[in-house]
$ cat start-v3.cif   # mmCIF, C-alpha atoms and all ligand atoms
data_upload
loop_
_atom_site.group_PDB
_atom_site.id
_atom_site.type_symbol
_atom_site.label_atom_id
_atom_site.label_comp_id
_atom_site.auth_asym_id
_atom_site.auth_seq_id
_atom_site.Cartn_x
_atom_site.Cartn_y
_atom_site.Cartn_z
ATOM 1 C CA MET A 230 -25.910 -42.199 -14.236
ATOM 2 C CA HIS A 231 -24.111 -40.446 -11.401
ATOM 3 C CA TYR A 232 -21.004 -40.278 -13.546
ATOM 4 C CA LYS A 233 -22.928 -38.588 -16.338
ATOM 5 C CA ALA A 234 -24.505 -36.092 -13.961
ATOM 6 C CA LEU A 235 -21.071 -35.272 -12.593
ATOM 7 C CA LEU A 236 -19.707 -34.714 -16.091
ATOM 8 C CA THR A 237 -22.613 -32.419 -16.916
ATOM 9 C CA THR A 238 -22.033 -30.436 -13.727
ATOM 10 C CA LEU A 239 -18.331 -30.119 -14.460
ATOM 11 C CA GLY A 240 -19.089 -29.079 -18.015
ATOM 12 C CA LEU A 241 -21.470 -26.367 -16.854
ATOM 13 C CA ALA A 242 -19.020 -25.164 -14.233
ATOM 14 C CA ALA A 243 -16.262 -24.913 -16.852
ATOM 15 C CA LEU A 244 -18.593 -23.052 -19.183
ATOM 16 C CA ALA A 245 -19.570 -20.625 -16.414
ATOM 17 C CA ALA A 246 -15.920 -20.011 -15.532
ATOM 18 C CA PHE A 247 -15.038 -19.517 -19.173
ATOM 19 C CA SER A 248 -17.823 -17.066 -19.913
ATOM 20 C CA ALA A 249 -16.978 -15.169 -16.719
ATOM 21 C CA CYS A 250 -13.635 -14.236 -18.300
ATOM 22 C CA SER A 251 -15.299 -12.262 -21.034
ATOM 23 C CA TYR A 252 -17.684 -10.541 -18.658
ATOM 24 C CA ASP A 253 -17.562 -6.741 -18.852
ATOM 25 C CA LYS A 254 -17.115 -5.886 -15.197
ATOM 26 C CA GLU A 255 -13.835 -7.713 -14.991
ATOM 27 C CA GLU A 256 -13.107 -7.086 -11.338
ATOM 28 C CA LEU A 257 -16.520 -8.347 -10.231
ATOM 29 C CA ALA A 258 -16.306 -11.531 -12.253
ATOM 30 C CA ASN A 259 -12.622 -12.127 -11.669
ATOM 31 C CA PRO A 260 -11.151 -10.756 -8.447
ATOM 32 C CA ASN A 261 -7.669 -11.447 -9.814
ATOM 33 C CA ALA A 262 -8.061 -9.066 -12.726
ATOM 34 C CA CYS A 263 -5.851 -6.006 -12.544
ATOM 35 C CA ASN A 264 -7.753 -2.793 -13.067
ATOM 36 C CA THR A 265 -5.513 0.270 -12.890
ATOM 37 C CA ALA A 266 -8.295 2.747 -13.621
ATOM 38 C CA GLY A 267 -8.929 5.034 -10.679
ATOM 39 C CA THR A 268 -5.575 4.351 -9.050
ATOM 40 C CA THR A 269 -4.956 6.843 -6.263
ATOM 41 C CA TYR A 270 -1.990 7.590 -4.045
ATOM 42 C CA ARG A 271 -3.903 6.999 -0.824
ATOM 43 C CA GLN A 272 -5.805 3.906 -1.875
ATOM 44 C CA HIS A 273 -3.194 2.004 -3.855
ATOM 45 C CA ILE A 274 0.277 3.515 -3.600
ATOM 46 C CA LEU A 275 0.577 4.510 0.051
ATOM 47 C CA PRO A 276 -0.356 1.065 1.458
ATOM 48 C CA VAL A 277 2.343 -0.576 -0.679
ATOM 49 C CA LEU A 278 4.933 1.948 0.472
ATOM 50 C CA GLN A 279 3.870 1.357 4.074
ATOM 51 C CA ASN A 280 3.984 -2.425 3.787
ATOM 52 C CA SER A 281 6.994 -2.916 1.528
ATOM 53 C CA CYS A 282 9.149 0.186 1.883
ATOM 54 C CA TYR A 283 8.698 1.962 5.216
ATOM 55 C CA SER A 284 10.757 -0.665 7.048
ATOM 56 C CA CYS A 285 13.748 1.073 5.444
ATOM 57 C CA HIS A 286 12.271 4.294 4.037
ATOM 58 C CA SER A 287 10.077 5.723 6.778
ATOM 59 C CA SER A 288 11.454 9.023 8.021
ATOM 60 C CA ALA A 289 12.568 7.365 11.249
ATOM 61 C CA ALA A 290 14.268 4.456 9.467
ATOM 62 C CA ALA A 291 15.946 6.765 6.965
ATOM 63 C CA ALA A 292 17.339 8.916 9.767
ATOM 64 C CA GLN A 293 18.450 5.884 11.732
ATOM 65 C CA HIS A 294 20.376 4.381 8.862
ATOM 66 C CA GLY A 295 21.859 7.736 7.943
ATOM 67 C CA ARG A 296 20.777 7.396 4.337
ATOM 68 C CA ASN A 297 18.078 9.977 4.221
ATOM 69 C CA ILE A 298 15.884 8.355 1.568
ATOM 70 C CA SER A 299 12.516 8.805 3.201
ATOM 71 C CA LEU A 300 9.403 7.866 1.263
ATOM 72 C CA GLU A 301 7.077 8.742 4.121
ATOM 73 C CA GLY A 302 4.451 11.213 3.007
ATOM 74 C CA TYR A 303 3.609 12.455 -0.451
ATOM 75 C CA SER A 304 6.116 15.326 -0.474
ATOM 76 C CA GLN A 305 8.951 12.888 0.242
ATOM 77 C CA VAL A 306 7.830 10.413 -2.413
ATOM 78 C CA GLN A 307 7.236 12.940 -5.185
ATOM 79 C CA PRO A 308 10.910 13.822 -5.925
ATOM 80 C CA TRP A 309 11.775 10.116 -6.336
ATOM 81 C CA VAL A 310 8.889 9.765 -8.756
ATOM 82 C CA LEU A 311 9.823 12.837 -10.757
ATOM 83 C CA ASN A 312 13.473 11.825 -11.130
ATOM 84 C CA GLY A 313 12.346 8.407 -12.387
ATOM 85 C CA LYS A 314 14.220 6.489 -9.682
ATOM 86 C CA LEU A 315 11.200 5.080 -7.911
ATOM 87 C CA LEU A 316 9.747 3.369 -10.978
ATOM 88 C CA ALA A 317 13.222 2.254 -12.042
ATOM 89 C CA ALA A 318 13.879 0.778 -8.596
ATOM 90 C CA ILE A 319 10.635 -1.193 -8.279
ATOM 91 C CA ASN A 320 10.810 -2.398 -11.895
ATOM 92 C CA HIS A 321 14.391 -3.553 -11.314
ATOM 93 C CA ALA A 322 15.715 -1.383 -14.117
ATOM 94 C CA PRO A 323 19.521 -1.201 -14.325
ATOM 95 C CA THR A 324 19.461 2.558 -13.595
ATOM 96 C CA ALA A 325 18.553 2.138 -9.911
ATOM 97 C CA PRO A 326 19.104 -0.351 -7.082
ATOM 98 C CA ALA A 327 16.377 -3.047 -7.129
ATOM 99 C CA MET A 328 13.637 -2.422 -4.551
ATOM 100 C CA PRO A 329 12.392 -3.610 -2.163
ATOM 101 C CA GLN A 330 16.006 -4.336 -1.297
ATOM 102 C CA GLY A 331 16.485 -7.981 -0.391
ATOM 103 C CA GLY A 332 12.806 -8.758 -0.897
ATOM 104 C CA PRO A 333 10.670 -10.163 -3.689
ATOM 105 C CA LYS A 334 9.745 -7.873 -6.567
ATOM 106 C CA LEU A 335 6.312 -6.280 -6.234
ATOM 107 C CA ASP A 336 3.597 -8.193 -8.104
ATOM 108 C CA ASN A 337 2.705 -7.189 -11.663
ATOM 109 C CA CYS A 338 -0.608 -5.581 -10.791
ATOM 110 C CA THR A 339 1.033 -3.407 -8.151
ATOM 111 C CA LEU A 340 3.711 -2.392 -10.648
ATOM 112 C CA ALA A 341 1.003 -1.582 -13.205
ATOM 113 C CA ARG A 342 -0.754 0.589 -10.603
ATOM 114 C CA PHE A 343 2.451 2.520 -9.878
ATOM 115 C CA SER A 344 2.965 3.088 -13.614
ATOM 116 C CA ALA A 345 -0.624 4.240 -14.064
ATOM 117 C CA TRP A 346 -0.333 6.626 -11.122
ATOM 118 C CA VAL A 347 2.993 8.038 -12.327
ATOM 119 C CA GLY A 348 1.628 8.263 -15.873
ATOM 120 C CA ALA A 349 -1.254 10.349 -14.567
ATOM 121 C CA GLY A 350 1.292 12.792 -13.124
ATOM 122 C CA ALA A 351 1.595 11.119 -9.704
ATOM 123 C CA PRO A 352 -1.167 13.209 -8.132
ATOM 124 C CA ASP A 353 -1.541 13.647 -4.378
ATOM 125 C CA ASN A 354 -4.960 12.023 -4.402
HETATM 126 C C1 LIG B 401 15.516 -3.632 3.391
HETATM 127 C C2 LIG B 401 15.572 -2.205 3.185
HETATM 128 C C3 LIG B 401 14.851 -1.589 2.031
HETATM 129 C C4 LIG B 401 13.557 -1.776 1.612
HETATM 130 C C5 LIG B 401 12.524 -2.708 2.191
HETATM 131 C C6 LIG B 401 13.349 -0.878 0.509
HETATM 132 N N1 LIG B 401 14.480 -0.173 0.266
HETATM 133 FE FE1 LIG B 401 14.725 1.284 -1.150
HETATM 134 N N2 LIG B 401 16.649 1.513 -0.582
HETATM 135 C C7 LIG B 401 17.281 0.833 0.431
HETATM 136 C C8 LIG B 401 18.662 1.229 0.479
HETATM 137 C C9 LIG B 401 19.693 0.712 1.454
HETATM 138 C C10 LIG B 401 18.838 2.191 -0.543
HETATM 139 C C11 LIG B 401 20.117 2.889 -0.959
HETATM 140 C C12 LIG B 401 20.631 1.961 -2.017
HETATM 141 C C13 LIG B 401 21.897 2.343 -2.633
HETATM 142 O O1 LIG B 401 22.134 3.549 -2.740
HETATM 143 O O2 LIG B 401 22.601 1.430 -3.042
HETATM 144 C C14 LIG B 401 17.555 2.353 -1.183
HETATM 145 C C15 LIG B 401 17.325 3.211 -2.218
HETATM 146 C C16 LIG B 401 16.084 3.461 -2.793
HETATM 147 C C17 LIG B 401 15.814 4.441 -3.805
HETATM 148 C C18 LIG B 401 16.815 5.390 -4.416
HETATM 149 C C19 LIG B 401 17.354 4.746 -5.664
HETATM 150 C C20 LIG B 401 18.496 5.515 -6.248
HETATM 151 O O3 LIG B 401 18.635 5.448 -7.473
HETATM 152 O O4 LIG B 401 19.256 6.148 -5.501
HETATM 153 C C21 LIG B 401 14.504 4.346 -4.101
HETATM 154 C C22 LIG B 401 13.731 5.205 -5.094
HETATM 155 C C23 LIG B 401 13.950 3.304 -3.280
HETATM 156 N N3 LIG B 401 14.929 2.769 -2.498
HETATM 157 C C24 LIG B 401 12.642 2.904 -3.320
HETATM 158 C C25 LIG B 401 12.131 1.875 -2.563
HETATM 159 C C26 LIG B 401 10.763 1.432 -2.674
HETATM 160 C C27 LIG B 401 9.709 2.077 -3.565
HETATM 161 C C28 LIG B 401 10.636 0.396 -1.802
HETATM 162 C C29 LIG B 401 9.418 -0.427 -1.568
HETATM 163 C C30 LIG B 401 8.757 -0.995 -2.707
HETATM 164 C C31 LIG B 401 11.917 0.190 -1.162
HETATM 165 N N4 LIG B 401 12.794 1.101 -1.657
HETATM 166 C C32 LIG B 401 12.164 -0.764 -0.193
HETATM 167 C C33 LIG B 401 16.709 -0.090 1.269
HETATM 168 C C34 LIG B 401 15.425 -0.566 1.174
#
$ encode --input "start-v3.cif" --output "structure tokens"
Amino acid sequence: MHYKALLTTLGLAALAAFSACSYDKEELANPNACNTAGTTYRQHILPVLQNSCYSCHSSAAAAQHGRNISLEGYSQVQPWVLNGKLLAAINHAPTAPAMPQGGPKLDNCTLARFSAWVGAGAPDN
């Protein structure tokens, strides 16, 4: 009796989880879904740069290490986007050093957001 009830509950839970996958508002139903629509520099790109890149590429860090690759602020990031190096670096393409240097590759959704933002012309939004 209890066993059967448990099975029924599990079955319903599985069904609910399964149908949730095909739900229209993906992000609501599945917080892990990657939605790149509406990607903006301030909301999605800047925080990643701050968390994963500024340790070496803030203006202060760039000056300190004498390398001068600062990604702090839109006007500093833009040239590295336009010359293709930023996307190449974070996607670990052979045409640029793999970034973040010495750290794990950015997750796929973050990479998809960068691509979407660059594809939209990398606006200062
Ligand atoms: C631990 C330090 C460190 C971190 C963190 C880091 N970088 Fe770098 N980055 C470097 C160094 C050092 C270079 C110069 C590499 C070279 O010329 O070999 C570099 C170079 C670059 C370049 C220039 C590539 C080229 O072709 O010259 C880009 C673009 C770049 N990084 C982007 C990023 C981005 C975006 C992040 C964050 C996702 C990041 N880096 C995180 C150290 C770092």
$ closest_residue --input "start-v3.cif" --among "A:Asn297, A:Gly302, A:Met328, A:Gly267" --to "Cys282 of chain A" --atoms "all atoms listed in the file"
A:Met328
$ resolve_selection --input "start-v3.cif" --expression "the PyMOL selection byres (((not hetatm)) within 8 of (chain B and resi 401))" --output "PyMOL selection string"
chain A and resi 277-278+280-286+296+298+300+309-310+314-319+324-332+334-335
$ resolve_selection --input "start-v3.cif" --expression "the PyMOL selection byres (((chain A and resi 271) around 12) and not hetatm)" --output "PyMOL selection string"
chain A and resi 267-270+272-279+302-303+343+346+351-354
$ atom_distance --input "start-v3.cif" --atom1 "atom CA of Gln293 of chain A" --atom2 "atom CA of Ala322 of chain A"
27.0 Å
$ atom_distance --input "start-v3.cif" --atom1 "atom CA of Cys263 of chain A" --atom2 "atom CA of Cys338 of chain A"
5.5 Å
$ atom_distance --input "start-v3.cif" --atom1 "atom CA of Pro323 of chain A" --atom2 "atom CA of Ala262 of chain A"
28.7 Å
$ closest_residue --input "start-v3.cif" --among "A:Ser344, A:Gln305, A:Asn264, A:Asn312" --to "Ala291 of chain A" --atoms "all atoms listed in the file"
A:Gln305
